[in-house]
Every structure is written in C-alpha cells, then in structure tokens.
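Undergrad: mmCIF, C-alpha atoms, saved as data-v5.cif, coming up:
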```cif
data_start
loop_
_atom_site.label_atom_id
_atom_site.label_comp_id
_atom_site.auth_asym_id
_atom_site.auth_seq_id
_atom_site.Cartn_x
_atom_site.Cartn_y
_atom_site.Cartn_z
CA MET H 1 73.66 112.94 91.94
CA LEU H 2 76.40 114.26 94.22
CA LEU H 3 77.41 110.73 95.19
CA HIS H 4 77.30 109.59 91.57
CA ASP H 5 79.34 112.55 90.36
CA THR H 6 81.86 112.19 93.18
CA ALA H 7 82.30 108.48 92.42
CA LEU H 8 82.79 109.33 88.74
CA ILE H 9 85.51 111.90 89.42
CA TYR H 10 87.10 109.73 92.11
CA GLY H 11 87.31 106.76 89.76
CA ARG H 12 88.82 108.86 86.99
CA TYR H 13 91.65 110.18 89.12
CA LEU H 14 92.21 106.92 90.98
CA ARG H 15 92.74 105.13 87.67
CA GLN H 16 95.31 107.77 86.78
CA SER H 17 97.13 107.10 90.06
CA LEU H 18 97.06 103.33 89.56
CA ARG H 19 98.59 103.72 86.11
CA SER H 20 101.52 105.58 87.70
CA ARG H 21 102.64 102.92 90.17
CA PHE H 22 106.15 104.33 90.41
CA ALA H 23 104.83 107.69 91.60
CA LEU H 24 102.48 105.89 94.00
CA LEU H 25 105.39 104.17 95.73
CA PHE H 26 107.84 107.06 95.35
CA GLY H 27 105.59 109.30 97.43
CA VAL H 28 106.38 107.33 100.59
CA LEU H 29 110.14 107.51 100.00
CA MET H 30 110.90 110.66 102.04
CA PRO H 31 109.08 109.54 105.23
CA LEU H 32 110.67 106.13 104.79
CA LEU H 33 114.13 107.70 104.67
CA TYR H 34 113.35 109.59 107.88
CA LEU H 35 112.26 106.28 109.40
CA LEU H 36 115.41 104.43 108.34
CA PHE H 37 118.03 107.09 109.03
CA PHE H 38 116.49 109.33 111.70
CA GLY H 39 114.53 106.80 113.74
CA PRO H 40 117.53 104.82 115.05
CA LEU H 41 119.07 108.06 116.37
CA LEU H 42 116.13 108.46 118.76
CA THR H 43 116.34 105.00 120.28
CA ASP H 44 116.61 105.11 124.09
CA LEU H 45 116.65 108.93 124.14
CA PRO H 46 114.41 110.67 126.72
CA LEU H 47 111.88 112.31 124.42
CA GLY H 48 109.59 113.61 127.14
CA ALA H 49 106.62 111.61 125.87
CA ARG H 50 104.92 108.35 126.64
CA GLY H 51 105.84 105.31 124.61
CA THR H 52 108.94 104.33 122.71
CA SER H 53 110.82 106.48 120.25
CA TRP H 54 109.02 104.68 117.40
CA GLN H 55 105.64 105.56 118.93
CA VAL H 56 106.77 109.19 118.90
CA LEU H 57 108.34 109.29 115.43
CA VAL H 58 105.95 107.20 113.33
CA PRO H 59 102.80 109.30 114.03
CA GLY H 60 104.76 112.40 113.03
CA LEU H 61 105.91 110.77 109.81
CA LEU H 62 102.36 109.71 108.96
CA LEU H 63 101.12 113.27 109.25
CA GLN H 64 104.19 114.56 107.43
CA LEU H 65 103.16 112.32 104.56
CA GLY H 66 99.72 113.90 104.49
CA LEU H 67 101.03 117.43 105.06
CA PHE H 68 103.50 117.58 102.19
CA GLY H 69 101.65 115.29 99.81
CA ALA H 70 98.27 117.00 100.05
CA ALA H 71 99.69 120.54 100.19
CA PHE H 72 101.30 120.10 96.78
CA ALA H 73 98.31 118.30 95.22
CA GLY H 74 97.22 121.54 93.55
CA PHE H 75 99.98 121.21 90.97
CA THR H 76 97.72 118.81 89.07
CA ILE H 77 95.03 121.51 88.68
CA ILE H 78 97.61 123.90 87.25
CA MET H 79 98.68 121.29 84.70
CA GLU H 80 95.05 120.49 83.84
CA ASN H 81 94.35 124.19 83.30
CA ALA H 82 97.27 124.38 80.90
CA GLN H 83 96.00 121.32 79.01
CA GLY H 84 92.40 122.53 78.85
CA VAL H 85 91.03 119.73 81.04
CA VAL H 86 89.39 122.11 83.52
CA GLU H 87 87.84 124.08 80.68
CA ARG H 88 86.26 120.91 79.27
CA MET H 89 84.87 120.05 82.71
CA GLN H 90 83.20 123.45 82.89
CA VAL H 91 80.71 122.47 80.20
CA THR H 92 79.62 119.26 81.95
CA PRO H 93 76.70 119.05 84.41
CA VAL H 94 78.93 117.46 87.07
CA SER H 95 78.55 119.00 90.52
CA ARG H 96 81.30 121.48 91.39
CA LEU H 97 81.48 119.98 94.88
CA ALA H 98 81.98 116.54 93.31
CA LEU H 99 84.89 117.91 91.26
CA LEU H 100 86.61 118.75 94.54
CA LEU H 101 85.52 115.74 96.60
CA GLY H 102 86.50 113.25 93.88
CA ARG H 103 90.01 114.67 93.82
CA VAL H 104 90.59 114.89 97.58
CA LEU H 105 89.12 111.44 98.23
CA ARG H 106 91.49 110.02 95.62
CA ASP H 107 94.35 111.78 97.40
CA ALA H 108 93.20 110.41 100.76
CA THR H 109 93.12 106.89 99.33
CA VAL H 110 96.64 107.20 97.95
CA PHE H 111 98.14 108.65 101.12
CA VAL H 112 96.44 106.15 103.41
CA PHE H 113 97.87 103.37 101.21
CA GLN H 114 101.32 104.94 101.53
CA ALA H 115 100.77 105.29 105.29
CA VAL H 116 100.07 101.55 105.49
CA LEU H 117 103.39 100.84 103.77
CA LEU H 118 105.18 103.19 106.16
CA VAL H 119 103.67 101.55 109.25
CA LEU H 120 104.56 98.07 107.97
CA ALA H 121 108.17 99.20 107.54
CA ALA H 122 108.11 100.70 111.04
CA VAL H 123 106.81 97.43 112.51
CA VAL H 124 109.77 95.64 110.94
CA MET H 125 112.10 98.16 112.58
CA GLY H 126 110.58 97.75 116.03
CA LEU H 127 107.32 99.67 116.28
CA HIS H 128 104.77 98.25 118.70
CA ALA H 129 101.37 99.94 118.67
CA PRO H 130 97.79 98.75 119.26
CA LEU H 131 95.78 98.07 116.11
CA PRO H 132 92.98 100.55 117.02
CA GLY H 133 95.62 103.25 117.49
CA VAL H 134 97.14 102.49 114.09
CA LEU H 135 93.71 102.67 112.44
CA ILE H 136 93.02 105.99 114.17
CA GLY H 137 96.30 107.26 112.75
CA PHE H 138 95.14 106.36 109.24
CA ALA H 139 91.88 108.24 109.84
CA PHE H 140 93.82 111.35 110.83
CA VAL H 141 95.96 111.06 107.70
CA ALA H 142 92.78 110.89 105.60
CA LEU H 143 91.23 113.93 107.31
CA LEU H 144 94.44 115.94 106.98
CA THR H 145 94.65 115.03 103.29
CA VAL H 146 91.06 116.13 102.65
CA SER H 147 91.71 119.42 104.46
CA LEU H 148 94.99 120.38 102.85
CA GLY H 149 94.05 118.94 99.48
CA SER H 150 90.94 121.12 99.36
CA LEU H 151 92.91 124.26 100.20
CA SER H 152 95.69 123.32 97.78
CA TYR H 153 93.25 122.86 94.89
CA ALA H 154 91.53 126.13 95.82
CA LEU H 155 94.83 128.01 95.72
CA ALA H 156 95.80 126.35 92.45
CA MET H 157 92.56 127.55 90.88
CA LYS H 158 93.57 131.13 91.71
CA VAL H 159 97.10 131.03 90.29
CA ARG H 160 98.30 130.37 86.76
CA THR H 161 101.80 128.97 87.01
CA PRO H 162 103.75 126.58 89.25
CA GLN H 163 106.16 129.44 89.93
CA GLU H 164 103.35 131.24 91.77
CA PHE H 165 102.03 128.15 93.53
CA GLY H 166 105.22 126.50 94.78
CA PRO H 167 106.70 129.32 96.91
CA VAL H 168 103.38 129.89 98.70
CA ILE H 169 103.08 126.22 99.62
CA ASN H 170 106.70 126.03 100.78
CA ALA H 171 106.24 129.14 102.91
CA LEU H 172 103.28 127.50 104.66
CA THR H 173 104.36 123.87 104.97
CA MET H 174 107.86 124.30 106.37
CA PRO H 175 106.88 126.41 109.42
CA SER H 176 103.92 124.08 109.95
CA MET H 177 106.21 121.06 110.03
CA LEU H 178 108.69 122.68 112.41
CA LEU H 179 106.08 124.09 114.81
CA SER H 180 103.76 121.07 114.93
CA GLY H 181 106.32 118.72 116.46
CA LEU H 182 106.24 116.18 113.67
CA MET H 183 109.79 115.03 114.28
CA LEU H 184 110.08 115.55 118.04
CA PRO H 185 107.54 116.46 120.74
CA MET H 186 107.23 120.20 121.28
CA THR H 187 107.55 119.58 125.02
CA LEU H 188 111.30 119.41 124.34
CA ALA H 189 111.26 122.95 122.93
CA PRO H 190 111.78 126.19 124.88
CA ALA H 191 108.63 127.47 126.57
CA TRP H 192 108.06 130.28 124.04
CA LEU H 193 108.29 127.86 121.11
CA ASP H 194 105.95 125.40 122.80
CA VAL H 195 103.39 128.18 123.31
CA LEU H 196 103.73 129.31 119.69
CA SER H 197 103.16 125.76 118.43
CA HIS H 198 99.66 125.74 119.96
CA PHE H 199 98.60 128.19 117.24
CA VAL H 200 99.41 125.57 114.58
CA PRO H 201 96.45 123.18 114.15
CA PHE H 202 98.66 120.28 113.10
CA ARG H 203 100.14 120.22 116.62
CA TYR H 204 96.85 118.86 117.95
CA LEU H 205 96.68 116.15 115.31
CA VAL H 206 100.21 114.98 116.07
CA ASP H 207 99.54 114.82 119.81
CA ALA H 208 96.32 112.89 119.22
CA VAL H 209 97.92 110.26 116.99
CA ARG H 210 100.79 109.81 119.45
CA ASP H 211 98.27 109.17 122.21
CA ALA H 212 96.49 106.67 119.97
CA TYR H 213 99.77 104.83 119.38
CA VAL H 214 100.15 104.23 123.13
CA GLY H 215 96.52 103.15 123.53
CA SER H 216 95.14 106.36 125.07
CA TYR H 217 91.89 106.90 123.18
CA THR H 218 89.99 109.20 125.56
CA SER H 219 92.71 111.69 126.47
CA ALA H 220 92.35 115.45 126.10
CA HIS H 221 94.86 115.33 123.25
CA MET H 222 92.65 112.85 121.39
CA LEU H 223 89.51 114.93 121.88
CA TYR H 224 91.19 118.18 120.83
CA GLY H 225 92.87 116.49 117.88
CA ALA H 226 89.64 114.94 116.60
CA ALA H 227 87.76 118.24 116.96
CA VAL H 228 90.47 120.19 115.13
CA ALA H 229 90.78 117.58 112.36
CA VAL H 230 87.04 117.42 111.67
CA GLY H 231 86.55 121.19 111.96
CA PHE H 232 89.52 121.94 109.72
CA ALA H 233 88.30 119.45 107.10
CA ALA H 234 84.80 120.98 107.09
CA LEU H 235 86.18 124.50 106.75
CA ALA H 236 88.64 123.54 104.01
CA VAL H 237 86.03 121.70 101.93
CA THR H 238 83.69 124.69 102.26
CA VAL H 239 86.41 127.08 101.07
CA GLY H 240 87.46 124.76 98.26
CA THR H 241 83.88 124.29 97.06
CA ARG H 242 83.29 128.04 97.02
CA VAL H 243 86.38 128.58 94.89
CA PHE H 244 85.41 125.81 92.47
CA ARG H 245 81.95 127.31 92.08
CA THR H 246 83.04 130.91 91.62
CA THR H 247 85.71 129.99 89.09
CA GLY H 248 83.34 127.83 87.09
CA ALA H 249 85.46 124.69 87.47
#
```
Kindly return the structure encoded in the file as structure tokens.
TA:
Amino acid sequence: MLLHDTALIYGRYLRQSLRSRFALLFGVLMPLLYLLFFGPLLTDLPLGARGTSWQVLVPGLLLQLGLFGAAFAGFTIIMENAQGVVERMQVTPVSRLALLLGRVLRDATVFVFQAVLLVLAAVVMGLHAPLPGVLIGFAFVALLTVSLGSLSYALAMKVRTPQEFGPVINALTMPSMLLSGLMLPMTLAPAWLDVLSHFVPFRYLVDAVRDAYVGSYTSAHMLYGAAVAVGFAALAVTVGTRVFRTTGA
C-alpha cells in the first residue's frame, strides 16, 4: 500500500509540474546565469582543485539547484493549507509517509531534469566529465532534494504564513551556500573558514561530486559524501514523516 499510495501522490504532483512547463524551465535559470556569466571568469585560474574550472563550478551549481529549489519547496504546503487541500487529504486513508515521499520524489524528478539541462549547457561551454561522474552528480542532486524537501515540508507544516517560512529558509540556505564551497573550493579560504565549513554537511557532497567529475570514484571525499548524503536523507525523511503524522496531514 505504501508503494501504491506514494505512486498516487507522486503522479498527482508530477502532473501539476508538467502542466507548468514555464516554471519547470525557469527553475534552472539562476544556475544557468551563474554558468554563463560566472564560469568564464574562472577559466585558467588556479582554483586549488583537480580538474578544469568547469569541473569545479558545475558540481557546485548542480547542488545549488537542489539546495535552493528543495529548501523552498515547503511553500506549496502553505498554499495547500490555505486552500484546504491538506485538510481534505486528512480524511483519506493514504499513508502519511506516502504524502511526504510522493512530494519529495516529484521534486527530485524535477530537479534532476533541470540538472540534466544545466549539464548539457555546460558541455556546450566546455565541460568535459566522465559519464559515470555525471550520473553520480545527478544521484547526489536527488538525495539532496529528498533531504531538504522533507525538512522544508516539515517546517511548512508547522508555520501558517509565507512570512514565517521565508526568513527561516533564507537564514539557513545562504550560510550553507557560502560555507559549503558551492562556487569555489573551500581550500581557497582562510584556514579558520575552511575548518568551519566542515561542520556544514553540504561541503562533503560538493567535494564528492567534484571528485566524481574528474573520475575519482573511490576517494575519501566520495565515501564521506555518499555517507553524509544517505544519512542526511534518512534522517530528514524520518523527521518529515513524524511531522506529517503528528499534524494529521
């Protein structure tokens, strides 16, 4: 029943996304602008990392896509609460876990599709990366989306208005972006900032995807990144499910 319910919720929200094709493509606009206008500035610069500047920048942009997109996914729950959609779902026998999984899997599908578009644009601009590394990058985007989407929906279930939700998300995502090295490797930062960045879980994901993009699949960065991504996703889904159950969603 869990699989059936999850597929039901997933299909419902995926159809909504497909009907809004403009929003589907618009979501990749910001990382694409970084790629077009920021990427050429890094060409031939010593970035203190293996690979070309594109192999450094593109993994960061992929995870930036998942970070900002999934973190703000909870806005849809707030709108559904206002429209009575969540209340109507409360009277159905659908699994509460499925209500969460269907949403976050839809989000993962959308952001992986946008990540594919971003990588194709990067290839046109000069990115060279092994296909297994690119596929690993997509897997990390999906895991990050599931993690942050679950926490975002959980937070949105606890607040009532976008004015309460937005500032909290901004306060969490901006420091995470700056300290995880999405734009530039943290090895370029002062020692104290590099040490501080190790307390941000996204740092390990970024390092792992960058290693994947240069064909290093068994490095310590890859192992740490995979462990953090899977552990964070499991924890986030557990927290999100608990919130959905206790709030009767």
Undergrad: Using the chain letters and numbers from the file, which residues does the PyMOL selection byres ((chain H and resi 159) around 12) grab, as JSON, numbers by chain?
TA: {"H": [74, 75, 77, 78, 79, 81, 82, 152, 153, 154, 155, 156, 157, 158, 160, 161, 162, 163, 164, 165, 166, 167, 168, 243, 247]}
Undergrad: Take atom CA of H:Ser147 and atom CA of H:Ala236 and report the distance between them in Å, one decimal.
TA: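 Distance reported for this atom pair: 5.2 Å.
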Undergrad: So, with only C-alpha atoms as the atoms that count, which of H:Ala98, H:Ile169, H:Leu235, H:Val214 lies closest to H:Leu131?
TA: H:Val214
Undergrad: Skipping near chain neighbours, those fewer than 2 positions away, what residues fall within 9 Å of stretch 223-225 of chain H using only C-alpha atoms, listed as a ChimeraX atom specification?
TA: /H:140,201-209,217-221,227-230
Undergrad: What do you get, as a short mmCIF file (atom, residue, chain, number, x, y, z; two decimals) with C-alpha atoms, keeping the file's coordinate frame, if you spell out every residue that the PyMOL selection byres ((chain H and resi 8-13) around 8) selects here?
TA:
```cif
data_model
loop_
_atom_site.label_atom_id
_atom_site.label_comp_id
_atom_site.auth_asym_id
_atom_site.auth_seq_id
_atom_site.Cartn_x
_atom_site.Cartn_y
_atom_site.Cartn_z
CA HIS H 4 77.30 109.59 91.57
CA ASP H 5 79.34 112.55 90.36
CA THR H 6 81.86 112.19 93.18
CA ALA H 7 82.30 108.48 92.42
CA LEU H 14 92.21 106.92 90.98
CA ARG H 15 92.74 105.13 87.67
CA GLN H 16 95.31 107.77 86.78
CA SER H 17 97.13 107.10 90.06
CA ALA H 98 81.98 116.54 93.31
CA LEU H 99 84.89 117.91 91.26
CA LEU H 101 85.52 115.74 96.60
CA GLY H 102 86.50 113.25 93.88
CA ARG H 103 90.01 114.67 93.82
CA LEU H 105 89.12 111.44 98.23
CA ARG H 106 91.49 110.02 95.62
#
```
Undergrad: Point out the residue among H:Leu148, H:Val141, H:Ala189, H:Leu61 with the least atom-to-atom distance to H:Ala226, counting only C-alpha atoms.
TA: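 The closest residue to H:Ala226 is H:Val141.
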Undergrad: Point out the residue among H:Leu32, H:Val200, H:Ala129, H:Ala73 with the least atom-to-atom distance to H:Val110, counting all atoms listed in the file.
TA: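 Once distances to H:Val110 are computed over all atoms listed in the file, the minimum belongs to H:Ala73.
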Undergrad: With distances taken over all atoms listed in the file, which residue among H:Gln64, H:Ser53, H:Thr43, H:Gln83 lies nearest H:Leu178?
TA: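 Once distances to H:Leu178 are computed over all atoms listed in the file, the minimum belongs to H:Gln64.
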Undergrad: Excluding same-chain residues fewer than 2 positions from H:Leu67, what lies within 10 Å of it counting all atoms listed in the file, as a list in words?
TA: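 The contact residues come out as Leu61, Leu62, Leu63, Gln64, Leu65, Gly69, Ala70, Ala71, Phe72, Val141, Leu144, Thr145, Ser147, Leu148, Gly149, Thr173, Met174, Ser176, Met177 and Phe202 of chain H.
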Undergrad: Take atom CA of H:Pro132 and atom CA of H:Val146 and report the distance between them in Å, one decimal.
TA: 21.3 Å
Undergrad: Can you take the partial stretch 187-218 of chain H, add N, CA and C atoms, and return it as a PDB file, keeping the file's coordinate frame?
TA:
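Done, and the output landed in selection-v5.pdb:
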```pdb
ATOM      1  N   THR H 187     107.223 119.452 123.606  1.00  0.00           N
ATOM      2  CA  THR H 187     107.550 119.580 125.020  1.00  0.00           C
ATOM      3  C   THR H 187     109.052 119.679 125.250  1.00  0.00           C
ATOM      4  N   LEU H 188     109.839 119.289 124.242  1.00  0.00           N
ATOM      5  CA  LEU H 188     111.300 119.410 124.340  1.00  0.00           C
ATOM      6  C   LEU H 188     111.770 120.811 123.981  1.00  0.00           C
ATOM      7  N   ALA H 189     110.887 121.628 123.405  1.00  0.00           N
ATOM      8  CA  ALA H 189     111.260 122.950 122.930  1.00  0.00           C
ATOM      9  C   ALA H 189     111.253 123.957 124.083  1.00  0.00           C
ATOM     10  N   PRO H 190     111.893 125.114 123.889  1.00  0.00           N
ATOM     11  CA  PRO H 190     111.780 126.190 124.880  1.00  0.00           C
ATOM     12  C   PRO H 190     110.315 126.577 125.075  1.00  0.00           C
ATOM     13  N   ALA H 191     110.022 127.168 126.214  1.00  0.00           N
ATOM     14  CA  ALA H 191     108.630 127.470 126.570  1.00  0.00           C
ATOM     15  C   ALA H 191     107.957 128.357 125.520  1.00  0.00           C
ATOM     16  N   TRP H 192     108.681 129.379 125.002  1.00  0.00           N
ATOM     17  CA  TRP H 192     108.060 130.280 124.040  1.00  0.00           C
ATOM     18  C   TRP H 192     107.713 129.575 122.737  1.00  0.00           C
ATOM     19  N   LEU H 193     108.552 128.588 122.348  1.00  0.00           N
ATOM     20  CA  LEU H 193     108.290 127.860 121.110  1.00  0.00           C
ATOM     21  C   LEU H 193     107.132 126.886 121.300  1.00  0.00           C
ATOM     22  N   ASP H 194     107.053 126.294 122.489  1.00  0.00           N
ATOM     23  CA  ASP H 194     105.950 125.400 122.800  1.00  0.00           C
ATOM     24  C   ASP H 194     104.625 126.157 122.759  1.00  0.00           C
ATOM     25  N   VAL H 195     104.610 127.354 123.328  1.00  0.00           N
ATOM     26  CA  VAL H 195     103.390 128.180 123.310  1.00  0.00           C
ATOM     27  C   VAL H 195     103.013 128.542 121.876  1.00  0.00           C
ATOM     28  N   LEU H 196     103.989 128.934 121.074  1.00  0.00           N
ATOM     29  CA  LEU H 196     103.730 129.310 119.690  1.00  0.00           C
ATOM     30  C   LEU H 196     103.154 128.142 118.887  1.00  0.00           C
ATOM     31  N   SER H 197     103.608 126.929 119.188  1.00  0.00           N
ATOM     32  CA  SER H 197     103.160 125.760 118.430  1.00  0.00           C
ATOM     33  C   SER H 197     101.667 125.484 118.621  1.00  0.00           C
ATOM     34  N   HIS H 198     101.084 125.971 119.728  1.00  0.00           N
ATOM     35  CA  HIS H 198      99.660 125.740 119.960  1.00  0.00           C
ATOM     36  C   HIS H 198      98.775 126.530 118.991  1.00  0.00           C
ATOM     37  N   PHE H 199      99.348 127.459 118.253  1.00  0.00           N
ATOM     38  CA  PHE H 199      98.600 128.190 117.240  1.00  0.00           C
ATOM     39  C   PHE H 199      98.633 127.486 115.886  1.00  0.00           C
ATOM     40  N   VAL H 200      99.337 126.369 115.807  1.00  0.00           N
ATOM     41  CA  VAL H 200      99.410 125.570 114.580  1.00  0.00           C
ATOM     42  C   VAL H 200      98.477 124.373 114.741  1.00  0.00           C
ATOM     43  N   PRO H 201      97.434 124.260 113.942  1.00  0.00           N
ATOM     44  CA  PRO H 201      96.450 123.180 114.150  1.00  0.00           C
ATOM     45  C   PRO H 201      97.029 121.786 114.053  1.00  0.00           C
ATOM     46  N   PHE H 202      98.096 121.615 113.266  1.00  0.00           N
ATOM     47  CA  PHE H 202      98.660 120.280 113.100  1.00  0.00           C
ATOM     48  C   PHE H 202      99.254 119.742 114.403  1.00  0.00           C
ATOM     49  N   ARG H 203      99.618 120.633 115.313  1.00  0.00           N
ATOM     50  CA  ARG H 203     100.140 120.220 116.620  1.00  0.00           C
ATOM     51  C   ARG H 203      99.144 119.303 117.328  1.00  0.00           C
ATOM     52  N   TYR H 204      97.865 119.639 117.259  1.00  0.00           N
ATOM     53  CA  TYR H 204      96.850 118.860 117.950  1.00  0.00           C
ATOM     54  C   TYR H 204      96.641 117.497 117.304  1.00  0.00           C
ATOM     55  N   LEU H 205      96.805 117.438 115.999  1.00  0.00           N
ATOM     56  CA  LEU H 205      96.680 116.150 115.310  1.00  0.00           C
ATOM     57  C   LEU H 205      97.830 115.236 115.680  1.00  0.00           C
ATOM     58  N   VAL H 206      99.032 115.791 115.725  1.00  0.00           N
ATOM     59  CA  VAL H 206     100.210 114.980 116.070  1.00  0.00           C
ATOM     60  C   VAL H 206     100.078 114.428 117.487  1.00  0.00           C
ATOM     61  N   ASP H 207      99.691 115.276 118.432  1.00  0.00           N
ATOM     62  CA  ASP H 207      99.540 114.820 119.810  1.00  0.00           C
ATOM     63  C   ASP H 207      98.482 113.733 119.927  1.00  0.00           C
ATOM     64  N   ALA H 208      97.397 113.871 119.163  1.00  0.00           N
ATOM     65  CA  ALA H 208      96.320 112.890 119.220  1.00  0.00           C
ATOM     66  C   ALA H 208      96.779 111.526 118.694  1.00  0.00           C
ATOM     67  N   VAL H 209      97.479 111.522 117.566  1.00  0.00           N
ATOM     68  CA  VAL H 209      97.920 110.260 116.990  1.00  0.00           C
ATOM     69  C   VAL H 209      98.967 109.601 117.892  1.00  0.00           C
ATOM     70  N   ARG H 210      99.821 110.385 118.516  1.00  0.00           N
ATOM     71  CA  ARG H 210     100.790 109.810 119.450  1.00  0.00           C
ATOM     72  C   ARG H 210     100.097 109.169 120.649  1.00  0.00           C
ATOM     73  N   ASP H 211      99.037 109.796 121.137  1.00  0.00           N
ATOM     74  CA  ASP H 211      98.270 109.170 122.210  1.00  0.00           C
ATOM     75  C   ASP H 211      97.626 107.882 121.734  1.00  0.00           C
ATOM     76  N   ALA H 212      97.107 107.878 120.508  1.00  0.00           N
ATOM     77  CA  ALA H 212      96.490 106.670 119.970  1.00  0.00           C
ATOM     78  C   ALA H 212      97.492 105.532 119.863  1.00  0.00           C
ATOM     79  N   TYR H 213      98.737 105.850 119.554  1.00  0.00           N
ATOM     80  CA  TYR H 213      99.770 104.830 119.380  1.00  0.00           C
ATOM     81  C   TYR H 213     100.221 104.216 120.702  1.00  0.00           C
ATOM     82  N   VAL H 214      99.854 104.838 121.832  1.00  0.00           N
ATOM     83  CA  VAL H 214     100.150 104.230 123.130  1.00  0.00           C
ATOM     84  C   VAL H 214      98.862 103.732 123.788  1.00  0.00           C
ATOM     85  N   GLY H 215      97.764 103.709 123.028  1.00  0.00           N
ATOM     86  CA  GLY H 215      96.520 103.150 123.530  1.00  0.00           C
ATOM     87  C   GLY H 215      95.674 104.079 124.357  1.00  0.00           C
ATOM     88  N   SER H 216      95.925 105.380 124.316  1.00  0.00           N
ATOM     89  CA  SER H 216      95.140 106.360 125.070  1.00  0.00           C
ATOM     90  C   SER H 216      94.125 106.998 124.130  1.00  0.00           C
ATOM     91  N   TYR H 217      92.891 106.489 124.163  1.00  0.00           N
ATOM     92  CA  TYR H 217      91.890 106.900 123.180  1.00  0.00           C
ATOM     93  C   TYR H 217      90.912 107.945 123.705  1.00  0.00           C
ATOM     94  N   THR H 218      90.945 108.246 124.980  1.00  0.00           N
ATOM     95  CA  THR H 218      89.990 109.200 125.560  1.00  0.00           C
ATOM     96  C   THR H 218      90.695 110.387 126.214  1.00  0.00           C
TER      97      THR H 218
END
```
